[in-house]
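Below is one structure, written out as C-alpha cells; the observations come after it.
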Number of protein chains: 2
Amino acid sequence: MSTQPEHPTLLIPGPIEFDDAVLQSMGHFSQSHVGAPFVATFGETLSMLRKLFQTDDPASQPFVISGSGTLGWDLVSANLAEPGDDVLVLHAGYFADSFADCLQTYGAKPTQLKAPIGSTPQLPEIEKALKERKYKLLTITHVDTSTGVLTDLKPISELVHRVSPETLVIVDGVCSVGSEEIEFDKWQLDGVITASQKGVGCPAGLSISMFSGRAIKTFQNRKTPPASYFASFKNWLPIMQNYEAKKPSYFATPSPQLIHALHTSLTQILSRPLSERFAAHREASQKVKKAVADLGLKQVAPNPAEQANGMTAIYLPENVTVPVLLPNLLKKGVIFAGGLHKEIATKYIRFGHMGVSVTDPKRDDIGRAIEVLKSGLSDAGHQKA
Amino acid sequence: MSTQPEHPTLLIPGPIEFDDAVLQSMGHFSQSHVGAPFVATFGETLSMLRKLFQTDDPASQPFVISGSGTLGWDLVSANLAEPGDDVLVLHAGYFADSFADCLQTYGAKPTQLKAPIGSTPQLPEIEKALKERKYKLLTITHVDTSTGVLTDLKPISELVHRVSPETLVIVDGVCSVGSEEIEFDKWQLDGVITASQKGVGCPAGLSISMFSGRAIKTFQNRKTPPASYFASFKNWLPIMQNYEAKKPSYFATPSPQLIHALHTSLTQILSRPLSERFAAHREASQKVKKAVADLGLKQVAPNPAEQANGMTAIYLPENVTVPVLLPNLLKKGVIFAGGLHKEIATKYIRFGHMGVSVTDPKRDDIGRAIEVLKSGLSDAGHQKA
C-alpha cells in the first residue's frame with residue numbers, strides 16, 4: 001500500500017509520479033549543509049550520477065544545483081560559450097528556441113537548424129552546417145518535451161567528432177535522462193543537462209548535469225570571465241569536487257531535503273541494471289503507441305525512430321478539443337498535459353510514461369491511463385474509442 | 001510529539017529546525033505545475049509573502065524561484081543594474097564581498113563601504129558616499145550571517161530618499177526575513193531578497209524576493225536586455241503575475257513540494273500577529289546574549305544596537321578551539337556553526353535562534369542549547385562555564 005493519499009495519477013511529461021520512499025526523503029529532518037552526515041549524502045549522490053550517466057572518466061564532472069532544468073541552459077551558455085561564439089542549435093521543438101534565447105542572452109550567436117514539426121534535423125544537413133562555419137558548441141534536445149521527438153545522439157556525436165572535432169557536443173536531456181539510454185563516455189558527449197522531476201524520479205527543484213573533462217578545460221581556458229554568478233562553474237566546481245570528496249564546502253546553501261530525495265531515487269534506479277530500466281520504458285512506450293494507433297490517432301512524431309520512450313504526443317481527432325477532453329480524463333483519475341508547441345498547441349495532448357509509473361510492478365498506471373484515454377475519447381464522440 | 005525522528009537540534013544560522021507540518025508538506029504527492037490545485041497553492045503563497053514583507057502596494061512584486069538565496073543577488077545584478085552602473089555596497093561581513101562580486105559579474109561597478117569587523121557602516125559616511133557619486137543602487141546586508149551584525153534599514157532608507165532619491169534601496173534579507181521586522185512599504189524599500197531555509201521556516205531550495213513598483217519600472221526602462229536568462233525578470237515577471245492571478249503559466253518548472261512547504265510555513269507565520277513573532281525572536285536573542293555575557297564571552301558584534309535577533313556570533317575563550325568545541329556540543333545534541341568571516345573564522349562560533357526553535361512553546365531548543373554550550377565550554381576548561 002502506498003503511503004500517499006489517493007490522488008489523480010500524474011502522467012504528464014514531468015513532473016512524474018514519485019515513489020513513496022522518495023517523497024518520505026523530502027521530509028528529512030533538518031541537517032547542516034556542511035555537517036558530515038549531509039556531506040556524505042551529497043557526495044554519494046554525485047558519485048551515483050556518474051553511474052546514471054554511464055561515465056567512469058574521472059575527468060567528468062557532475063553538478064547538482066538548486067534550480068530548475070532551465071538553469072542547465074545558463075550553465076552551458078555562461079561557462080562554455082563566450083561572447084561572439086557560434087553555436088549550432090538542433091531544433092526539434094519549443095525547447096531549442098528557448099535554449100537559443102538563453103545562449104543569445106550571454107552573447108553567443110546561436111544558429112538554429114530547424115526540422116519540420118514532429119521531426120529532428122537529419123545527418124546530411126547537420127554535416128553541411130558544420131562544414132560551413134566553426135561552431136564552439138552543438139546543442140541537441142534529446143527528447144523535446146513539446147513534441148515527443150527523440151533525437152539519436154550517437155550518430156550526431158560521431159559526425160561532430162569526424163567533421164568538427166573541436167566542437168563540444170551538448171545535450172539537453174531534461175526529458176531523457178533516466179528514461180532514455182545515454183552513454184556519456186562511449187558517445188563522447190561533452191555536456192548533458194537535466195532536471196530532477198522527470199526520468200530521474202525526484203521532485204522538481206534541482207538542476208543536474210554532467211560535463212566532460214574537455215568541457216571543463218574549455219571553461220578553464222576562457223578568455224572572458226563566466227557571464228553568470230549563480231550559474232558560474234568558477235563558483236560551483238570546487239564545491240562539487242569537495243562534496244564528492246566528502247569535504248564540507250560553501251558557496252550557496254544546497255537543499256538537504258531535495259538531495260536526500262535524489263539520493264533515494266538514484267539508489268533505487270541503480271539497484272537494477274540500467275538496461276532493464278530503459279527496456280521497461282521502451283516497452284511501456286510501445287504499449288502506449290500501439291493503443292494510440294489502435295484508436296486511429298496520429299503522433300506528433302510520425303517516424304518510429306524519432307519517437308521518445310518516456311512520452312507520447314498525440315494529435316486529437318478533429319472534433320475533440322483539449323479543454324473538453326483533459327478535464328474529463330482528470331475526472332476519470334488521470335492527468336495528461338495539453339500541447340506546448342505554439343504552432344499546434346490546441347491540436348494535441350501529451351502522455352508522460354516515465355519512472356515508477358513504468359518500472360514499479362505494483363502500479364498499473366499506464367494500462368489504466370490507456371483505458372481512461374479510450375473512455376474519454378469515446379465520451380467525446382470519437383468512434384474508434 | 002514530533003513526527004520527526006530524534007536528531008541533533010540544528011541551531012546554525014540556517015538551515016534551521018523545521019515544523020513537522022512543513023516537513024510533511026515536503027512529501028506532497030506529485031502535482032502538475034500548471035494544474036488548478038497547484039496554481040492556487042502557488043498563487044496564495046505569493047499573496048502571503050506580501051503580508052510577510054508588510055507591503056500592500058499592488059505594484060510590489062513577489063518572486064519565488066527554485067534556487068538558493070544566492071540567486072537573489074543575480075536577480076538584483078542582472079535586472080536592476082546595467083553595465084557601468086555604480087552601486088554602493090554597505091559591508092558588514094562576508095556576504096557584501098560576494099554580493100559585490102555578483103554585481104561585478106554582470107558589469108556593474110560596486111563600491112564597498114567597509115565597516116570594521118563586527119559593526120556596520122554609519123550614517124555620516126553613507127551620506128558622504130552618496131554625495132560623492134550617483135549610485136543606481138545601494139545594497140544593505142540586513143543581517144550578515146558571518147558576523148551576526150544587524151544593520152538598521154529604516155534610517156538608511158530615509159537618508160537615501162533624502163540625499164539621493166533616485167537610488168534604489170536593496171536589502172539582502174537572507175538572514176533576516178521572518179526573524180527581523182521589515183516594513184517594505186513604510187521604509188520605502190525597493191528590493192528585499194531572501195531564501196527559504198532561515199526565518200521563513202521552509203527547507204532550502206527557494207529564492208524568495210519582493211521588489212517595489214519603482215524597481216520593476218527601473219527594470220522595464222533598461223537600455224540593455226537583462227544579463228541573465230534563468231534570473232531574468234523578463235522571463236519570471238509574467239509567470240509570477242499569472243500564478244498570483246491563479247492562471248497557469250510556464251517558464252521553468254517550479255517545485256510543487258517546496259511551494260507546499262512554503263505555503264504551510266507562511267500560513268503558520270501569518271496565523272499570529274507578526275509583531276509577536278519578532279518579539280519572540282528578540283526575547284530568545286536577549287536570553288542567548290545574556291548567557292554569552294554571563295559566560296564572560298564577547299560577541300563579534302559588540303554594539304547591542306547592531307546585534308541580530310536571529311543569531312549570535314560568539315568569540316571563544318582563548319584556550320578553546322572550534323574543532324574541539326563543536327564536536328563535543330554535537331555529542332550533547334546541538335549543532336552550532338563555526339566561523340565564516342575569513343579574518344576571524346577560527347576564533348568564533350555562530351548560534352542560530354530563528355523559527356520554531358524560538359516560536360514553538362512545545363520546544364525548549366534555546367534553553368537546552370544554552371545549557372549544552374555552558375557544559376561544552378566547561379569540558380574545554382573555560383572557568384566561567
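Letters A, B, ... go to the chains of the C-alpha cells in the order shown; residues in each chain start at 1; ligands are counted from 1 in the same order.
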So that I can see what lies close to segment 306-313 of chain A, please list as a PDB file with N, CA and C atoms, in the first residue's frame the residues with an atom at most 6 Å from it, counting only C-alpha atoms and leaving out residues fewer than 2 positions away in the same chain.
ATOM      1  N   THR A 147       7.136  18.025 -28.236  1.00  0.00           N
ATOM      2  CA  THR A 147       6.731  17.237 -29.408  1.00  0.00           C
ATOM      3  C   THR A 147       6.891  15.734 -29.219  1.00  0.00           C
ATOM      4  N   GLY A 148       7.645  15.336 -28.182  1.00  0.00           N
ATOM      5  CA  GLY A 148       7.933  13.906 -28.014  1.00  0.00           C
ATOM      6  C   GLY A 148       8.905  13.387 -29.061  1.00  0.00           C
ATOM      7  N   VAL A 149       9.614  14.282 -29.734  1.00  0.00           N
ATOM      8  CA  VAL A 149      10.594  13.862 -30.744  1.00  0.00           C
ATOM      9  C   VAL A 149      11.903  13.483 -30.056  1.00  0.00           C
ATOM     10  N   LEU A 150      12.393  12.288 -30.410  1.00  0.00           N
ATOM     11  CA  LEU A 150      13.680  11.782 -29.899  1.00  0.00           C
ATOM     12  C   LEU A 150      14.752  12.011 -30.960  1.00  0.00           C
ATOM     13  N   SER A 179      15.161   7.991 -18.604  1.00  0.00           N
ATOM     14  CA  SER A 179      14.158   7.264 -19.387  1.00  0.00           C
ATOM     15  C   SER A 179      14.699   6.837 -20.747  1.00  0.00           C
ATOM     16  N   HIS A 281      11.016   1.258 -20.096  1.00  0.00           N
ATOM     17  CA  HIS A 281      10.477   2.476 -20.710  1.00  0.00           C
ATOM     18  C   HIS A 281      10.101   2.221 -22.179  1.00  0.00           C
ATOM     19  N   ARG A 282      10.950   1.483 -22.895  1.00  0.00           N
ATOM     20  CA  ARG A 282      10.624   1.175 -24.304  1.00  0.00           C
ATOM     21  C   ARG A 282       9.338   0.363 -24.387  1.00  0.00           C
ATOM     22  N   SER A 285       6.313   2.427 -23.608  1.00  0.00           N
ATOM     23  CA  SER A 285       6.113   3.356 -24.708  1.00  0.00           C
ATOM     24  C   SER A 285       5.440   2.653 -25.889  1.00  0.00           C
ATOM     25  N   GLN A 299       0.609  10.359 -33.963  1.00  0.00           N
ATOM     26  CA  GLN A 299       1.546  11.026 -33.055  1.00  0.00           C
ATOM     27  C   GLN A 299       2.099  12.287 -33.716  1.00  0.00           C
ATOM     28  N   VAL A 300       2.498  13.249 -32.882  1.00  0.00           N
ATOM     29  CA  VAL A 300       3.156  14.438 -33.429  1.00  0.00           C
ATOM     30  C   VAL A 300       4.455  14.020 -34.127  1.00  0.00           C
ATOM     31  N   ALA A 301       5.138  13.014 -33.567  1.00  0.00           N
ATOM     32  CA  ALA A 301       6.351  12.457 -34.180  1.00  0.00           C
ATOM     33  C   ALA A 301       5.969  11.215 -34.974  1.00  0.00           C
ATOM     34  N   ASN A 303       7.660   9.375 -37.266  1.00  0.00           N
ATOM     35  CA  ASN A 303       8.698   8.379 -37.552  1.00  0.00           C
ATOM     36  C   ASN A 303       9.069   7.603 -36.284  1.00  0.00           C
ATOM     37  N   PRO A 304       8.843   6.275 -36.268  1.00  0.00           N
ATOM     38  CA  PRO A 304       9.123   5.485 -35.055  1.00  0.00           C
ATOM     39  C   PRO A 304      10.549   5.662 -34.527  1.00  0.00           C
ATOM     40  N   ILE A 349      -2.375  16.358 -27.286  1.00  0.00           N
ATOM     41  CA  ILE A 349      -2.115  16.198 -25.851  1.00  0.00           C
ATOM     42  C   ILE A 349      -0.822  15.413 -25.675  1.00  0.00           C
ATOM     43  N   ARG A 350      -0.295  15.452 -24.434  1.00  0.00           N
ATOM     44  CA  ARG A 350       0.953  14.733 -24.155  1.00  0.00           C
ATOM     45  C   ARG A 350       0.757  13.761 -22.983  1.00  0.00           C
ATOM     46  N   PHE A 351       1.273  12.575 -23.161  1.00  0.00           N
ATOM     47  CA  PHE A 351       1.114  11.459 -22.221  1.00  0.00           C
ATOM     48  C   PHE A 351       2.541  11.111 -21.772  1.00  0.00           C
ATOM     49  N   GLY A 352       2.834  11.332 -20.495  1.00  0.00           N
ATOM     50  CA  GLY A 352       4.162  11.002 -19.985  1.00  0.00           C
ATOM     51  C   GLY A 352       4.179   9.604 -19.402  1.00  0.00           C
ATOM     52  N   HIS A 353       5.195   8.826 -19.732  1.00  0.00           N
ATOM     53  CA  HIS A 353       5.309   7.467 -19.177  1.00  0.00           C
ATOM     54  C   HIS A 353       6.758   7.217 -18.778  1.00  0.00           C
ATOM     55  N   MET A 354       7.085   7.765 -17.603  1.00  0.00           N
ATOM     56  CA  MET A 354       8.454   7.694 -17.078  1.00  0.00           C
ATOM     57  C   MET A 354       8.430   7.248 -15.622  1.00  0.00           C
TER      58      MET A 354
END
- Residue list for chain A near chain B as an MDAnalysis selection string, 8 Å, only C-alpha atoms: chainID A and resid 4:5 7 10 12 14:18 23:33 65:71 74 102 105:106 203:206 225:230 252:258 335
- Quote the spacing between atom CA of Ile182 of chain B and atom CA of Asn235 of chain B in Å to one decimal place. 27.4 Å
- DSSP on the backbone, then: every residue of segment 93-238 of chain A marked alpha helix (DSSP H), written as a PyMOL selection string. chain A and resi 94-105+123-132+153-163+213-220+233-238
- For Lys290 of chain B, list every protein, DNA or RNA residue within 12 Å, evaluated using only C-alpha atoms, and leave out those in the same chain fewer than 4 positions away; present the list as an NGL selection string. :B and (283-286 or 294-299 or 304 or 312 or 314 or 367 or 370)
With all heavy atoms retained, could you export that selection as a short mmCIF file (atom, residue, chain, number, x, y, z; two decimals), in the first residue's frame?
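Saved file result.cif follows:
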data_model
loop_
_atom_site.label_atom_id
_atom_site.label_comp_id
_atom_site.auth_asym_id
_atom_site.auth_seq_id
_atom_site.Cartn_x
_atom_site.Cartn_y
_atom_site.Cartn_z
N GLU B 283 13.23 38.25 22.23
CA GLU B 283 13.32 37.69 23.59
C GLU B 283 14.33 36.54 23.65
O GLU B 283 15.19 36.47 24.53
CB GLU B 283 11.92 37.19 23.96
CG GLU B 283 11.71 36.94 25.44
CD GLU B 283 10.32 36.33 25.67
OE1 GLU B 283 9.33 36.87 25.12
OE2 GLU B 283 10.24 35.30 26.38
N ALA B 284 14.23 35.62 22.67
CA ALA B 284 15.17 34.49 22.63
C ALA B 284 16.60 35.01 22.47
O ALA B 284 17.54 34.52 23.10
CB ALA B 284 14.81 33.56 21.48
N SER B 285 16.73 36.02 21.63
CA SER B 285 18.05 36.58 21.37
C SER B 285 18.64 37.18 22.64
O SER B 285 19.83 36.98 22.96
CB SER B 285 17.93 37.65 20.28
OG SER B 285 19.19 38.19 19.98
N GLN B 286 17.81 37.91 23.40
CA GLN B 286 18.29 38.51 24.64
C GLN B 286 18.73 37.44 25.63
O GLN B 286 19.72 37.60 26.35
CB GLN B 286 17.20 39.40 25.26
CG GLN B 286 17.03 40.74 24.53
CD GLN B 286 18.35 41.45 24.29
OE1 GLN B 286 19.15 41.64 25.21
NE2 GLN B 286 18.63 41.81 23.04
N ASP B 294 27.14 36.27 30.59
CA ASP B 294 27.34 35.60 31.87
C ASP B 294 28.53 34.63 31.81
O ASP B 294 29.19 34.36 32.82
CB ASP B 294 26.08 34.81 32.28
CG ASP B 294 24.94 35.75 32.69
OD1 ASP B 294 25.20 36.97 32.86
OD2 ASP B 294 23.79 35.27 32.82
N LEU B 295 28.77 34.08 30.61
CA LEU B 295 29.91 33.17 30.43
C LEU B 295 31.22 33.94 30.29
O LEU B 295 32.29 33.35 30.13
CB LEU B 295 29.70 32.30 29.19
CG LEU B 295 28.75 31.11 29.36
CD1 LEU B 295 28.27 30.59 28.00
CD2 LEU B 295 29.45 29.99 30.14
N GLY B 296 31.12 35.25 30.31
CA GLY B 296 32.33 36.07 30.17
C GLY B 296 32.83 36.13 28.74
O GLY B 296 33.99 36.45 28.47
N LEU B 297 31.93 35.82 27.78
CA LEU B 297 32.35 35.81 26.38
C LEU B 297 31.87 37.06 25.66
O LEU B 297 30.92 37.72 26.09
CB LEU B 297 31.78 34.57 25.68
CG LEU B 297 32.19 33.22 26.29
CD1 LEU B 297 31.57 32.08 25.49
CD2 LEU B 297 33.71 33.08 26.34
N LYS B 298 32.54 37.36 24.55
CA LYS B 298 32.18 38.54 23.77
C LYS B 298 31.52 38.15 22.46
O LYS B 298 31.83 37.10 21.88
CB LYS B 298 33.44 39.37 23.46
CG LYS B 298 33.90 40.12 24.68
CD LYS B 298 35.11 40.98 24.38
CE LYS B 298 35.48 41.76 25.65
NZ LYS B 298 36.89 42.20 25.60
N GLN B 299 30.64 39.00 21.99
CA GLN B 299 30.05 38.79 20.67
C GLN B 299 30.92 39.43 19.59
O GLN B 299 31.62 40.40 19.86
CB GLN B 299 28.66 39.42 20.62
CG GLN B 299 27.64 38.74 21.50
CD GLN B 299 26.28 39.40 21.39
OE1 GLN B 299 25.79 39.61 20.28
NE2 GLN B 299 25.70 39.74 22.50
N PRO B 304 25.05 46.61 21.08
CA PRO B 304 23.71 45.99 21.15
C PRO B 304 22.77 46.44 20.04
O PRO B 304 21.94 45.65 19.58
CB PRO B 304 23.20 46.43 22.53
CG PRO B 304 24.43 46.66 23.33
CD PRO B 304 25.46 47.19 22.36
N THR B 312 23.56 34.72 16.95
CA THR B 312 24.58 35.35 17.77
C THR B 312 25.93 34.76 17.40
O THR B 312 26.08 33.54 17.37
CB THR B 312 24.31 35.11 19.28
OG1 THR B 312 22.97 35.52 19.58
CG2 THR B 312 25.28 35.89 20.15
N ILE B 314 29.71 34.35 18.51
CA ILE B 314 30.32 34.38 19.83
C ILE B 314 31.82 34.06 19.75
O ILE B 314 32.21 32.98 19.28
CB ILE B 314 29.66 33.30 20.74
CG1 ILE B 314 28.13 33.46 20.73
CG2 ILE B 314 30.22 33.36 22.16
CD1 ILE B 314 27.39 32.20 21.20
N GLY B 367 16.83 27.13 25.45
CA GLY B 367 17.27 26.89 26.82
C GLY B 367 18.24 25.71 26.88
O GLY B 367 19.30 25.78 27.54
N ILE B 370 21.66 26.56 25.38
CA ILE B 370 22.49 27.38 26.28
C ILE B 370 23.17 26.47 27.31
O ILE B 370 24.37 26.61 27.60
CB ILE B 370 21.64 28.48 26.96
CG1 ILE B 370 21.24 29.55 25.92
CG2 ILE B 370 22.38 29.11 28.13
CD1 ILE B 370 20.23 30.58 26.42
#
- Proximity to Pro124 of chain B - best of B:Val200, B:Met1, B:Leu373, B:Val160, only C-alpha atoms: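 Nearest to Pro124 of chain B: B:Val160.
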- Message: My list of candidates is B:Ala305, B:Ala92, B:Val177, B:Leu237. Which is closest to Lys51 of chain B when distances are computed with only C-alpha atoms?
- Response: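 Checking each candidate against Lys51 of chain B, we get B:Val177 as the closest.
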Would you give me, as a Markdown table, each residue of segment 84-104 of chain A having an atom within 6 Å of an atom of segment 109-114 of chain A, along with its shortest atom pair and that distance in Å to one decimal, using only C-alpha atoms and sorting by chain and residue number?
| residue | atom | partner | partner_atom | distance |
| --- | --- | --- | --- | --- |
| A:Gly84 | CA | A:Lys109 | CA | 5.9 |
| A:Asp85 | CA | A:Lys109 | CA | 5.8 |
| A:Asp86 | CA | A:Lys109 | CA | 4.7 |
| A:Val87 | CA | A:Pro110 | CA | 4.6 |
| A:Leu88 | CA | A:Thr111 | CA | 5.0 |
| A:Val89 | CA | A:Gln112 | CA | 4.7 |
| A:Leu90 | CA | A:Leu113 | CA | 5.0 |
| A:His91 | CA | A:Lys114 | CA | 4.7 |
| A:Ala100 | CA | A:Pro110 | CA | 5.6 |
| A:Gln104 | CA | A:Lys109 | CA | 5.9 |
Residues at most 10 Å from Asp190 of chain A, counting only C-alpha atoms, excluding those fewer than 3 positions away in the same chain, as a PDB file with C-alpha atoms, in the first residue's frame?
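Now in out34.pdb:
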ATOM      1  CA  SER A  60      33.810  14.033 -15.973  1.00  0.00           C
ATOM      2  CA  LEU A 137      29.135  24.096 -29.370  1.00  0.00           C
ATOM      3  CA  LEU A 138      26.440  21.993 -30.945  1.00  0.00           C
ATOM      4  CA  SER A 157      28.224  12.925 -31.873  1.00  0.00           C
ATOM      5  CA  THR A 167      33.011  21.443 -31.329  1.00  0.00           C
ATOM      6  CA  LEU A 168      31.599  20.452 -27.925  1.00  0.00           C
ATOM      7  CA  VAL A 169      28.555  18.143 -28.043  1.00  0.00           C
ATOM      8  CA  ILE A 170      25.940  19.407 -25.575  1.00  0.00           C
ATOM      9  CA  VAL A 171      22.716  17.550 -24.822  1.00  0.00           C
ATOM     10  CA  PHE A 184      28.215   9.692 -21.749  1.00  0.00           C
ATOM     11  CA  ASP A 185      31.708   8.268 -22.300  1.00  0.00           C
ATOM     12  CA  TRP A 187      29.186   8.510 -27.189  1.00  0.00           C
ATOM     13  CA  MET A 210      27.402  16.137 -16.276  1.00  0.00           C
ATOM     14  CA  PHE A 211      30.245  17.776 -18.170  1.00  0.00           C
ATOM     15  CA  SER A 212      33.304  16.152 -19.773  1.00  0.00           C
ATOM     16  CA  GLY A 213      36.910  16.910 -18.913  1.00  0.00           C
ATOM     17  CA  ARG A 214      37.090  18.589 -22.303  1.00  0.00           C
ATOM     18  CA  ALA A 215      34.176  20.879 -21.415  1.00  0.00           C
ATOM     19  CA  ILE A 216      35.751  21.768 -18.075  1.00  0.00           C
TER      20      ILE A 216
END
- Task: Select, from A:Thr359, A:Ser249, A:Thr321, A:Ser146, the residue with the minimum atom-to-atom distance to His382 of chain A, counting only C-alpha atoms.
- Result: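 Counting only C-alpha atoms, the residue closest to His382 of chain A is A:Thr321.
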- Name the closest residue to Gly191 of chain B among the candidates B:Ile269, B:Cys175, B:Val76, B:Leu159; distances are taken between atoms, counting only C-alpha atoms. B:Val76
- Message: Given only C-alpha atoms as the basis, pick out the residue of A:Ala345, A:Val334, A:Val174, A:Leu262 nearest to Ile117 of chain A.
- Response: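 Closest residue, counting only C-alpha atoms: A:Ala345.
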- Could you work out how far atom CA of Lys217 of chain A lies from atom CA of Ala129 of chain A, giving the answer in Å with one decimal?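 If I compute the distance from atom CA of Ala129 of chain A to atom CA of Lys217 of chain A, I get 25.1 Å.
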